[in-house]
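A.B. asks: Structure supplied as my_file.pdb; contents: PDB, C-alpha atoms and all ligand atoms.
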```pdb
ATOM      1  CA  TYR A 248      58.102   9.956  12.440
ATOM      2  CA  ALA A 249      57.131   8.713   9.021
ATOM      3  CA  ASP A 250      57.317   5.173  10.293
ATOM      4  CA  LEU A 251      55.246   6.071  13.307
ATOM      5  CA  ALA A 252      52.623   7.828  11.164
ATOM      6  CA  MET A 253      52.480   4.832   8.870
ATOM      7  CA  TYR A 254      52.073   2.577  11.854
ATOM      8  CA  LYS A 255      49.299   4.781  13.286
ATOM      9  CA  ALA A 256      47.491   4.944   9.966
ATOM     10  CA  LYS A 257      47.589   1.183   9.645
ATOM     11  CA  GLU A 258      46.400   0.740  13.173
ATOM     12  CA  LEU A 259      43.601   3.253  12.689
ATOM     13  CA  GLY A 260      42.678   1.727   9.373
ATOM     14  CA  ARG A 261      42.498  -1.706  10.829
ATOM     15  CA  ASN A 262      40.418  -0.541  13.782
ATOM     16  CA  ASN A 263      38.065   1.367  11.511
ATOM     17  CA  PHE A 264      37.736  -1.673   9.365
ATOM     18  CA  GLN A 265      36.951  -3.839  12.360
ATOM     19  CA  PHE A 266      34.454  -1.304  13.606
ATOM     20  CA  PHE A 267      32.877  -1.150  10.196
ATOM     21  CA  THR A 268      32.522  -4.918   9.828
ATOM     22  CA  GLN A 269      31.176  -5.194  13.351
ATOM     23  CA  ALA A 270      28.482  -2.599  12.593
ATOM     24  CA  MET A 271      27.700  -4.433   9.379
ATOM     25  CA  ASN A 272      27.427  -7.700  11.259
ATOM     26  CA  ILE A 273      25.029  -6.234  13.798
ATOM     27  CA  LYS A 274      22.895  -4.841  11.001
ATOM     28  CA  ALA A 275      22.966  -8.109   9.074
ATOM     29  CA  ALA A 276      22.204 -10.106  12.220
ATOM     30  CA  ARG A 277      19.250  -7.888  13.070
ATOM     31  CA  ARG A 278      17.937  -8.255   9.555
ATOM     32  CA  LEU A 279      18.307 -12.010   9.675
ATOM     33  CA  LEU A 280      16.444 -12.087  12.970
ATOM     34  CA  GLN A 281      13.597  -9.983  11.587
ATOM     35  CA  GLN A 282      13.527 -12.154   8.504
ATOM     36  CA  GLU A 283      13.193 -15.285  10.640
ATOM     37  CA  GLU A 284      10.499 -13.595  12.704
ATOM     38  CA  LEU A 285       8.544 -12.712   9.571
ATOM     39  CA  THR A 286       8.888 -16.222   8.171
ATOM     40  CA  SER A 287       7.528 -17.842  11.307
ATOM     41  CA  ALA A 288       4.789 -15.199  11.548
ATOM     42  CA  LEU A 289       3.701 -16.259   8.082
ATOM     43  CA  ASP A 290       3.745 -19.943   9.064
ATOM     44  CA  GLU A 291       1.771 -19.184  12.229
ATOM     45  CA  ASP A 292      -0.857 -17.090  10.423
ATOM     46  CA  ARG A 293      -0.030 -13.934  12.346
ATOM     47  CA  PHE A 294      -0.861 -11.615   9.457
ATOM     48  CA  VAL A 295      -4.341 -10.164   9.109
ATOM     49  CA  LEU A 296      -6.018  -7.595   6.928
ATOM     50  CA  HIS A 297      -7.594  -4.428   8.195
ATOM     51  CA  TYR A 298      -9.903  -2.433   5.982
ATOM     52  CA  GLN A 299     -10.023   1.328   5.499
ATOM     53  CA  PRO A 300     -13.282   2.756   4.082
ATOM     54  CA  LYS A 301     -13.192   4.726   0.830
ATOM     55  CA  VAL A 302     -15.832   7.431   0.653
ATOM     56  CA  ASP A 303     -17.506   8.696  -2.523
ATOM     57  CA  LEU A 304     -17.455  12.476  -2.304
ATOM     58  CA  ALA A 305     -20.682  13.046  -4.251
ATOM     59  CA  SER A 306     -22.899  10.634  -2.299
ATOM     60  CA  GLU A 307     -20.876  10.773   0.920
ATOM     61  CA  ARG A 308     -21.180   7.002   1.259
ATOM     62  CA  VAL A 309     -18.620   4.269   1.673
ATOM     63  CA  VAL A 310     -18.169   2.716  -1.762
ATOM     64  CA  GLY A 311     -15.243   0.484  -1.021
ATOM     65  CA  VAL A 312     -12.466  -0.488   1.339
ATOM     66  CA  GLU A 313      -8.718  -0.851   1.050
ATOM     67  CA  ALA A 314      -7.201  -3.981   2.559
ATOM     68  CA  LEU A 315      -4.038  -3.245   4.550
ATOM     69  CA  LEU A 316      -1.777  -5.879   6.084
ATOM     70  CA  ARG A 317      -1.210  -5.978   9.833
ATOM     71  CA  TRP A 318       1.114  -8.223  11.811
ATOM     72  CA  HIS A 319      -0.046  -9.550  15.177
ATOM     73  CA  HIS A 320       3.297  -9.423  16.956
ATOM     74  CA  PRO A 321       3.534 -11.322  20.279
ATOM     75  CA  GLU A 322       5.259  -8.368  22.019
ATOM     76  CA  LYS A 323       4.754  -5.339  19.820
ATOM     77  CA  GLY A 324       1.030  -5.833  19.285
ATOM     78  CA  LEU A 325      -0.518  -4.857  15.966
ATOM     79  CA  VAL A 326       2.219  -3.730  13.576
ATOM     80  CA  PRO A 327       1.183  -1.746  10.444
ATOM     81  CA  ALA A 328       2.420  -2.649   6.959
ATOM     82  CA  SER A 329       4.652   0.426   6.731
ATOM     83  CA  ARG A 330       6.911  -1.137   9.391
ATOM     84  CA  PHE A 331       7.553  -4.481   7.677
ATOM     85  CA  ILE A 332       6.483  -4.419   4.030
ATOM     86  CA  ALA A 333       9.918  -3.366   2.689
ATOM     87  CA  LEU A 334      11.667  -6.339   4.330
ATOM     88  CA  VAL A 335       8.880  -8.693   3.265
ATOM     89  CA  GLU A 336       9.495  -7.530  -0.305
ATOM     90  CA  GLU A 337      13.308  -7.748  -0.117
ATOM     91  CA  THR A 338      13.205 -11.280   1.238
ATOM     92  CA  GLY A 339      10.684 -12.481  -1.324
ATOM     93  CA  LEU A 340       8.200 -13.466   1.403
ATOM     94  CA  ILE A 341       5.783 -11.072  -0.303
ATOM     95  CA  ILE A 342       4.996 -13.712  -2.930
ATOM     96  CA  LYS A 343       3.398 -16.019  -0.358
ATOM     97  CA  LEU A 344       2.059 -13.234   1.869
ATOM     98  CA  GLY A 345       0.646 -11.332  -1.099
ATOM     99  CA  GLU A 346      -1.273 -14.383  -2.294
ATOM    100  CA  MET A 347      -2.637 -14.886   1.207
ATOM    101  CA  ALA A 348      -3.738 -11.222   1.345
ATOM    102  CA  LEU A 349      -5.469 -11.406  -2.040
ATOM    103  CA  ARG A 350      -7.303 -14.612  -1.076
ATOM    104  CA  GLN A 351      -8.346 -13.197   2.302
ATOM    105  CA  ALA A 352      -9.592  -9.976   0.671
ATOM    106  CA  CYS A 353     -11.659 -11.973  -1.855
ATOM    107  CA  ILE A 354     -13.185 -14.050   0.955
ATOM    108  CA  GLN A 355     -13.976 -10.846   2.849
ATOM    109  CA  VAL A 356     -15.708  -9.209  -0.103
ATOM    110  CA  GLN A 357     -17.975 -12.262  -0.344
ATOM    111  CA  ALA A 358     -18.714 -11.995   3.379
ATOM    112  CA  LEU A 359     -19.589  -8.309   2.969
ATOM    113  CA  GLU A 360     -21.926  -9.253   0.141
ATOM    114  CA  ARG A 361     -23.712 -11.765   2.364
ATOM    115  CA  ALA A 362     -24.024  -9.055   5.030
ATOM    116  CA  GLY A 363     -25.916  -6.905   2.516
ATOM    117  CA  PHE A 364     -23.130  -4.743   1.113
ATOM    118  CA  GLU A 365     -23.348  -5.970  -2.466
ATOM    119  CA  ALA A 366     -21.769  -3.015  -4.179
ATOM    120  CA  LEU A 367     -18.678  -2.468  -2.028
ATOM    121  CA  LYS A 368     -15.357  -2.724  -3.832
ATOM    122  CA  MET A 369     -12.310  -4.334  -2.289
ATOM    123  CA  ALA A 370      -8.886  -2.836  -3.027
ATOM    124  CA  VAL A 371      -5.769  -4.948  -2.588
ATOM    125  CA  ASN A 372      -2.216  -3.562  -2.654
ATOM    126  CA  LEU A 373       0.435  -5.185  -4.790
ATOM    127  CA  SER A 374       4.181  -4.681  -4.821
ATOM    128  CA  VAL A 375       6.408  -4.450  -7.886
ATOM    129  CA  ARG A 376       8.039  -7.735  -6.977
ATOM    130  CA  GLN A 377       4.654  -9.521  -7.043
ATOM    131  CA  LEU A 378       3.576  -7.966 -10.337
ATOM    132  CA  MET A 379       6.824  -8.954 -12.058
ATOM    133  CA  GLU A 380       6.765 -12.557 -10.744
ATOM    134  CA  PRO A 381       6.224 -15.003 -13.656
ATOM    135  CA  GLY A 382       3.333 -16.852 -11.972
ATOM    136  CA  PHE A 383       1.505 -13.695 -10.896
ATOM    137  CA  LEU A 384      -1.333 -13.624 -13.447
ATOM    138  CA  ASP A 385      -2.100 -17.319 -12.993
ATOM    139  CA  MET A 386      -2.189 -16.784  -9.227
ATOM    140  CA  VAL A 387      -4.711 -13.930  -9.571
ATOM    141  CA  ARG A 388      -6.937 -15.947 -11.924
ATOM    142  CA  GLN A 389      -6.704 -18.957  -9.617
ATOM    143  CA  VAL A 390      -7.699 -16.990  -6.492
ATOM    144  CA  ILE A 391     -10.602 -15.323  -8.305
ATOM    145  CA  THR A 392     -11.929 -18.670  -9.551
ATOM    146  CA  GLU A 393     -11.392 -20.403  -6.224
ATOM    147  CA  THR A 394     -13.169 -17.744  -4.155
ATOM    148  CA  GLY A 395     -15.862 -17.054  -6.743
ATOM    149  CA  VAL A 396     -15.493 -13.289  -6.380
ATOM    150  CA  SER A 397     -16.719 -11.194  -9.271
ATOM    151  CA  PRO A 398     -13.645  -9.461 -10.800
ATOM    152  CA  ASP A 399     -15.447  -6.116 -11.054
ATOM    153  CA  ARG A 400     -15.611  -5.975  -7.255
ATOM    154  CA  LEU A 401     -11.855  -6.127  -7.071
ATOM    155  CA  GLU A 402      -9.460  -3.181  -7.308
ATOM    156  CA  LEU A 403      -5.723  -3.689  -7.509
ATOM    157  CA  GLU A 404      -3.492  -0.880  -6.242
ATOM    158  CA  MET A 405       0.004  -0.822  -7.650
ATOM    159  CA  PRO A 406       2.838   1.469  -6.639
ATOM    160  CA  ALA A 407       3.788   4.249  -9.070
ATOM    161  CA  GLU A 408       7.389   2.946  -9.042
ATOM    162  CA  LEU A 409       6.099   0.079 -11.209
ATOM    163  CA  LEU A 410       6.391   2.499 -14.129
ATOM    164  CA  ASN A 411      10.176   2.416 -13.771
ATOM    165  CA  GLU A 412      10.228  -1.274 -14.739
ATOM    166  CA  ASP A 413      10.552  -2.569 -18.287
ATOM    167  CA  ALA A 414       7.688  -0.838 -20.115
ATOM    168  CA  ARG A 415       6.700  -3.800 -22.268
ATOM    169  CA  ALA A 416       6.570  -6.241 -19.359
ATOM    170  CA  VAL A 417       4.484  -3.808 -17.290
ATOM    171  CA  ARG A 418       2.091  -3.213 -20.159
ATOM    172  CA  GLU A 419       1.616  -6.947 -20.699
ATOM    173  CA  VAL A 420       0.730  -7.557 -17.050
ATOM    174  CA  LEU A 421      -1.636  -4.589 -16.808
ATOM    175  CA  VAL A 422      -3.427  -5.436 -20.068
ATOM    176  CA  ALA A 423      -3.915  -9.014 -18.861
ATOM    177  CA  LEU A 424      -5.266  -7.796 -15.494
ATOM    178  CA  HIS A 425      -7.552  -5.365 -17.280
ATOM    179  CA  ASP A 426      -8.873  -8.248 -19.414
ATOM    180  CA  ILE A 427      -9.689 -10.194 -16.254
ATOM    181  CA  GLY A 428     -11.988  -7.277 -15.445
ATOM    182  CA  VAL A 429     -10.435  -5.884 -12.282
ATOM    183  CA  CYS A 430     -10.087  -2.138 -11.689
ATOM    184  CA  LEU A 431      -6.504  -0.863 -11.861
ATOM    185  CA  ILE A 432      -5.365   1.857  -9.495
ATOM    186  CA  LEU A 433      -2.006   3.599  -9.533
ATOM    187  CA  ASP A 434      -1.064   4.216  -5.902
ATOM    188  CA  ASP A 435       1.226   6.968  -4.583
ATOM    189  CA  PHE A 436       0.673   9.117  -7.669
ATOM    190  CA  GLY A 437       3.008  12.096  -7.845
ATOM    191  CA  THR A 438       5.835  10.507  -5.843
ATOM    192  CA  GLY A 439       9.058   9.387  -7.490
ATOM    193  CA  THR A 440       9.665   9.611 -11.176
ATOM    194  CA  CYS A 441       7.349   8.176 -13.748
ATOM    195  CA  SER A 442       6.913   8.763 -17.447
ATOM    196  CA  LEU A 443       3.611  10.469 -18.212
ATOM    197  CA  VAL A 444       3.800   9.075 -21.739
ATOM    198  CA  ALA A 445       3.977   5.544 -20.338
ATOM    199  CA  LEU A 446       1.222   6.350 -17.876
ATOM    200  CA  GLN A 447      -1.142   7.427 -20.627
ATOM    201  CA  GLN A 448      -0.580   4.245 -22.599
ATOM    202  CA  LEU A 449      -1.481   1.896 -19.764
ATOM    203  CA  PRO A 450      -4.987   0.613 -19.002
ATOM    204  CA  LEU A 451      -5.211   2.359 -15.627
ATOM    205  CA  ASP A 452      -8.582   3.497 -14.281
ATOM    206  CA  VAL A 453      -7.755   5.474 -11.175
ATOM    207  CA  VAL A 454      -4.833   7.288  -9.567
ATOM    208  CA  LYS A 455      -4.436   7.782  -5.869
ATOM    209  CA  ILE A 456      -2.851  11.055  -4.850
ATOM    210  CA  ASP A 457      -0.238  10.238  -2.256
ATOM    211  CA  HIS A 458      -0.935  11.420   1.282
ATOM    212  CA  GLN A 459       2.308  13.419   1.283
ATOM    213  CA  PHE A 460       0.549  15.956  -0.968
ATOM    214  CA  ILE A 461      -2.468  16.175   1.304
ATOM    215  CA  ARG A 462      -0.546  16.370   4.585
ATOM    216  CA  ASP A 463       0.392  20.084   4.572
ATOM    217  CA  ILE A 464      -2.887  21.431   3.194
ATOM    218  CA  PRO A 465      -4.046  24.163   3.719
ATOM    219  CA  TYR A 466      -1.396  25.805   5.921
ATOM    220  CA  ASN A 467       1.430  25.403   3.449
ATOM    221  CA  VAL A 468       0.507  27.359   0.317
ATOM    222  CA  SER A 469       3.030  25.729  -1.983
ATOM    223  CA  ALA A 470       1.958  22.235  -0.832
ATOM    224  CA  THR A 471      -1.612  23.191  -1.719
ATOM    225  CA  ASP A 472      -0.509  24.455  -5.153
ATOM    226  CA  VAL A 473       1.444  21.283  -5.853
ATOM    227  CA  ALA A 474      -1.516  19.099  -4.809
ATOM    228  CA  SER A 475      -3.808  21.088  -7.125
ATOM    229  CA  ALA A 476      -1.368  20.672 -10.002
ATOM    230  CA  VAL A 477      -0.993  16.911  -9.469
ATOM    231  CA  ILE A 478      -4.781  16.458  -9.341
ATOM    232  CA  ALA A 479      -5.273  18.621 -12.463
ATOM    233  CA  LEU A 480      -2.634  16.589 -14.287
ATOM    234  CA  ALA A 481      -4.412  13.326 -13.432
ATOM    235  CA  HIS A 482      -7.682  14.790 -14.711
ATOM    236  CA  LYS A 483      -5.998  15.854 -17.966
ATOM    237  CA  LEU A 484      -4.923  12.240 -18.401
ATOM    238  CA  HIS A 485      -8.608  11.242 -18.007
ATOM    239  CA  LEU A 486      -8.002   9.406 -14.788
ATOM    240  CA  THR A 487     -10.341   9.254 -11.814
ATOM    241  CA  VAL A 488      -8.673  10.719  -8.753
ATOM    242  CA  VAL A 489      -8.810   9.365  -5.215
ATOM    243  CA  ALA A 490      -7.224  11.255  -2.328
ATOM    244  CA  GLU A 491      -5.631   9.381   0.561
ATOM    245  CA  GLY A 492      -4.537  10.525   3.996
ATOM    246  CA  VAL A 493      -7.352  13.047   4.493
ATOM    247  CA  GLU A 494      -7.299  13.921   8.192
ATOM    248  CA  THR A 495      -8.995  17.317   8.555
ATOM    249  CA  PRO A 496     -12.203  19.030   7.369
ATOM    250  CA  GLN A 497     -10.026  21.610   5.536
ATOM    251  CA  GLN A 498      -8.304  18.859   3.589
ATOM    252  CA  LEU A 499     -11.681  17.341   2.811
ATOM    253  CA  SER A 500     -13.040  20.577   1.376
ATOM    254  CA  PHE A 501      -9.853  20.968  -0.655
ATOM    255  CA  VAL A 502     -10.107  17.508  -2.252
ATOM    256  CA  LYS A 503     -13.819  18.058  -2.909
ATOM    257  CA  SER A 504     -13.258  21.393  -4.617
ATOM    258  CA  SER A 505     -10.386  20.062  -6.716
ATOM    259  CA  GLY A 506     -12.589  17.375  -8.228
ATOM    260  CA  CYS A 507     -11.424  14.205  -6.492
ATOM    261  CA  THR A 508     -13.998  11.430  -6.805
ATOM    262  CA  GLN A 509     -13.270   9.469  -3.658
ATOM    263  CA  CYS A 510     -11.380  10.059  -0.508
ATOM    264  CA  GLN A 511      -9.874   8.004   2.238
ATOM    265  CA  GLY A 512      -8.248   8.893   5.514
ATOM    266  CA  ASN A 513      -8.399   8.997   9.270
ATOM    267  CA  LEU A 514     -11.003  11.805   9.135
ATOM    268  CA  PHE A 515     -13.589   9.173   8.190
ATOM    269  CA  SER A 516     -12.041   6.072   9.623
ATOM    270  CA  TYR A 517      -8.817   4.343  10.517
ATOM    271  CA  PRO A 518      -8.253   0.923   8.952
ATOM    272  CA  LEU A 519     -10.659  -1.407  10.853
ATOM    273  CA  ASP A 520     -10.731  -5.115  11.607
ATOM    274  CA  GLU A 521     -13.506  -7.051   9.856
ATOM    275  CA  ASP A 522     -16.028  -6.939  12.726
ATOM    276  CA  THR A 523     -15.555  -3.240  13.424
ATOM    277  CA  LEU A 524     -15.874  -2.577   9.690
ATOM    278  CA  ILE A 525     -19.346  -4.148   9.524
ATOM    279  CA  GLY A 526     -20.457  -1.980  12.453
ATOM    280  CA  PHE A 527     -19.063   1.117  10.763
ATOM    281  CA  LEU A 528     -20.853   0.283   7.496
ATOM    282  CA  ILE A 529     -24.177  -0.177   9.258
ATOM    283  CA  ARG A 530     -23.831   3.056  11.243
ATOM    284  CA  GLN A 531     -23.190   5.193   8.155
ATOM    285  CA  TYR A 532     -26.900   4.823   7.303
ATOM    286  CA  GLU A 533     -27.875   6.177  10.698
ATOM    287  CA  LYS A 534     -25.726   9.294  10.765
ATOM    288  CA  PRO A 535     -23.904  11.136   7.977
ATOM    289  CA  LEU A 536     -20.168  10.487   7.608
ATOM    290  CA  ILE A 537     -19.541  14.128   6.887
ATOM    291  CA  SER A 538     -21.423  16.619   8.999
TER     292      SER A 538
HETATM  293  P1  LIG A 601      -0.691   2.642   0.799
HETATM  294  O1  LIG A 601      -1.322   1.637  -0.087
HETATM  295  O2  LIG A 601      -0.382   3.971   0.216
HETATM  296  O3  LIG A 601      -1.654   2.762   2.056
HETATM  297  C1  LIG A 601      -1.919   3.943   2.767
HETATM  298  C2  LIG A 601      -1.196   3.993   4.113
HETATM  299  O4  LIG A 601      -1.566   5.207   4.787
HETATM  300  C3  LIG A 601      -1.571   2.884   5.077
HETATM  301  O5  LIG A 601      -0.430   2.571   5.873
HETATM  302  C4  LIG A 601      -2.665   3.520   5.933
HETATM  303  O6  LIG A 601      -2.822   2.899   7.195
HETATM  304  C5  LIG A 601      -2.145   4.925   6.055
HETATM  305  N1  LIG A 601      -3.205   5.920   6.278
HETATM  306  C6  LIG A 601      -4.522   5.821   6.042
HETATM  307  N2  LIG A 601      -5.182   6.940   6.359
HETATM  308  C7  LIG A 601      -4.253   7.811   6.801
HETATM  309  C8  LIG A 601      -4.305   9.172   7.276
HETATM  310  O7  LIG A 601      -5.348   9.810   7.340
HETATM  311  N3  LIG A 601      -3.112   9.728   7.622
HETATM  312  C9  LIG A 601      -1.929   9.068   7.542
HETATM  313  N4  LIG A 601      -0.829   9.688   7.916
HETATM  314  N5  LIG A 601      -1.838   7.791   7.093
HETATM  315  C10 LIG A 601      -2.988   7.173   6.741
HETATM  316  P2  LIG A 601      -0.014   1.048   6.156
HETATM  317  O8  LIG A 601      -1.243   0.251   6.439
HETATM  318  O9  LIG A 601       1.086   1.038   7.160
HETATM  319  O10 LIG A 601       0.547   0.550   4.753
HETATM  320  C11 LIG A 601       1.719   1.067   4.199
HETATM  321  C12 LIG A 601       1.945   0.551   2.795
HETATM  322  O11 LIG A 601       2.191  -0.857   2.803
HETATM  323  C13 LIG A 601       0.723   0.723   1.889
HETATM  324  O12 LIG A 601       0.698   2.067   1.412
HETATM  325  C14 LIG A 601       1.024  -0.309   0.825
HETATM  326  O13 LIG A 601       1.897   0.211  -0.144
HETATM  327  C15 LIG A 601       1.736  -1.400   1.592
HETATM  328  N6  LIG A 601       0.801  -2.525   1.861
HETATM  329  C16 LIG A 601      -0.173  -2.623   2.789
HETATM  330  N7  LIG A 601      -0.830  -3.804   2.690
HETATM  331  C17 LIG A 601      -0.259  -4.470   1.654
HETATM  332  C18 LIG A 601      -0.503  -5.751   1.016
HETATM  333  O14 LIG A 601      -1.421  -6.522   1.356
HETATM  334  N8  LIG A 601       0.335  -6.095  -0.021
HETATM  335  C19 LIG A 601       1.331  -5.259  -0.465
HETATM  336  N9  LIG A 601       2.109  -5.684  -1.481
HETATM  337  N10 LIG A 601       1.559  -4.051   0.088
HETATM  338  C20 LIG A 601       0.784  -3.662   1.126
HETATM  339 MG    MG A 602      -2.805   1.532  -1.362
HETATM  340 MG    MG A 603      -1.186   5.094  -1.289
HETATM  341 MG    MG A 604       1.184   5.911  -0.100
END
```
Show how you would write the structure in this file as structure tokens.
C.D. replies:
Amino acid sequence: YADLAMYKAKELGRNNFQFFTQAMNIKAARRLLQQEELTSALDEDRFVLHYQPKVDLASERVVGVEALLRWHHPEKGLVPASRFIALVEETGLIIKLGEMALRQACIQVQALERAGFEALKMAVNLSVRQLMEPGFLDMVRQVITETGVSPDRLELEMPAELLNEDARAVREVLVALHDIGVCLILDDFGTGTCSLVALQQLPLDVVKIDHQFIRDIPYNVSATDVASAVIALAHKLHLTVVAEGVETPQQLSFVKSSGCTQCQGNLFSYPLDEDTLIGFLIRQYEKPLIS
């Protein structure tokens, strides 16, 4: 029996192992395929930016837009960033794609200026990988010079997880960006872990309260309490607060009453392609955004 059990165990073990490697292979193969798809999409210029309006809560006007990457997929249609950005970062493609996005956003802000929207700010998202890349600052300076955009029209949104990187390196990059004259926004504020001491010592101008905090307002009382606390904390740190993911009038009145300066979300507008954006900007002067 012992021999038989041993034999069975070996057999089972081997089968499990085979099963395991096969599953791994399928996963790896799928990843490789997606990676190849993304690489050729980049070569074929299949990535575009859409722009989501940011509304100033005091004036109830659009004061800026956030550029968000979209992938024109031959079969899947328009794919949002949330579906591919992680892989783009893992594979390092973000370095090239990120530069393209920054350049396109700078070109777009100039186009908006020519269309009569001289004061609109353009926010561009950055990933940790981009910010920590040795050539990053030179790339930003180069794109700004090349496109002729005024740095004070540009906002850079960086993920809160950046604060988990080497503090000195992060500080150096942010100070240099601040010296260029761009506005620095900490995205996804309140998610993950980040040192509040570090946060206070960095030249950040704005924090964006993550949409996870807004999502369950007002029906979930503890979610509402947590959102209030996160917003109050940001104010204590003398940071301007922007709320994202605002979808309902109740959420809007909450972010207004808790002292957020700007707000963004599907209640006002989904991210729009450049032509639809211009139409939206013109129409806001004809009818109020918030009724
Ligand atoms: P994020 O910067 O926090 O952007 C907000 C996300 O929430 C966007 O998803 C946006 O489409 C979505 N959103 C906007 N309003 C609402 C709303 O009312 N409700 C809900 N549920 N969602 C809303 P998206 O476009 O899929 O982007 C996901 C993330 O990908 C972004 O999060 C950002 O971190 C990253 N990303 C997007 N574009 C770029 C880029 O050009 N470069 C880099 N490095 N990252 C980017
Ligand atoms: Mg963002
Ligand atoms: Mg965000
Ligand atoms: Mg977010």
A.B. asks: Counting all atoms listed in the file, name the residues that have an atom within 7 Å of an atom of ligand MG 602 (chain A); the answer should be given as number ranges by chain.
C.D. replies: A: 313, 372, 404, 434
A.B. asks: Only C-alpha atoms, please: the residues just picked out, written as a compact mmCIF listing (two decimals), in the frame of the given file.
C.D. replies:
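This went into again.txt:
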```
# COMPACT_ATOMS: atom_id res chain seq x y z
CA GLU A 313 -8.72 -0.85 1.05
CA ASN A 372 -2.22 -3.56 -2.65
CA GLU A 404 -3.49 -0.88 -6.24
CA ASP A 434 -1.06 4.22 -5.90
```
A.B. asks: Restricting the calculation to all atoms listed in the file: of A:Lys343, A:Lys455, A:Arg462, A:His297, which residue gets closest to ligand MG 603 (chain A)?
C.D. replies: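 Among A:Lys343, A:Lys455, A:Arg462, A:His297, it is A:Lys455 that comes nearest to ligand MG 603 (chain A).
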A.B. asks: Which of these, A:Pro406, A:Gly428, A:Gly324, A:Gly437, has the shortest distance to ligand LIG 601 (chain A) once you count all atoms listed in the file?
C.D. replies: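 The closest residue to ligand LIG 601 (chain A) is A:Pro406.
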A.B. asks: Quick one: everything within 12 Å of Val477 (chain A), counting only C-alpha atoms, minus sequence neighbours fewer than 2 positions away in the same chain. Send it as an NGL selection string.
C.D. replies: :A and (435-438 or 443 or 454-457 or 459-461 or 470-475 or 479-484 or 486 or 488-490 or 502 or 505-507)
A.B. asks: Could you pull out the residues sitting within 6 Å of ligand LIG 601 (chain A), using all atoms listed in the file, and write them as number ranges by chain?
C.D. replies: A: 315-316, 327-329, 332, 345, 348, 372-374, 435, 492-494, 512-513
A.B. asks: Can you work out which one of A:Pro450, A:Pro496, A:Gly439, A:Pro300 has the shortest atom-to-atom distance to Arg418 (chain A), counting all atoms listed in the file?
C.D. replies: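 Smallest distance to Arg418 (chain A) is found for A:Pro450.
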A.B. asks: Given the PyMOL selection byres (((chain A and resi 380) around 12) and not hetatm) and the file above, list the residues it selects as a ChimeraX atom specification.
C.D. replies: /A:336,339,341-343,345-346,373-379,381-387,416-417,420
A.B. asks: In Å, how far is it from CA of Thr338 (chain A) to CA of His319 (chain A)?
C.D. replies: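 CA of His319 (chain A) lies at a distance of 19.3 Å from CA of Thr338 (chain A).
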A.B. asks: Would you mind listing what lies within 7 Å of Trp318 (chain A) as a PyMOL selection string, with only C-alpha atoms counted and same-chain residues fewer than 5 positions away left out?
C.D. replies: chain A and resi 293-295+325-327
A.B. asks: May I ask which of the residues A:Leu421, A:Tyr532, A:Leu334, A:Asp303 is the closest one to Thr487 (chain A), counting all atoms listed in the file?
C.D. replies: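 Under the stated criterion, the closest residue is A:Asp303.
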A.B. asks: Taking into account only C-alpha atoms, which residue in the set A:Gln357, A:Ser469, A:Gln351, A:Gln498 is nearest to Ser397 (chain A)?
C.D. replies: A:Gln357
A.B. asks: Record the distance separating CA of Asp520 (chain A) and CA of Gln299 (chain A), expressed in Å with one decimal.
C.D. replies: 8.9 Å
A.B. asks: On this structure, the PyMOL selection byres (((chain A and resi 282) around 12) and not hetatm) would catch which residues? List them as an MDAnalysis selection string, sorted by chain and number.
C.D. replies: chainID A and resid 275:281 283:289 331:341
A.B. asks: Smallest atom-to-atom distance to ligand MG 604 (chain A): which of A:Val422, A:Val302, A:Met405, A:Leu431, using all atoms listed in the file?
C.D. replies: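 Checking each candidate against ligand MG 604 (chain A), we get A:Met405 as the closest.
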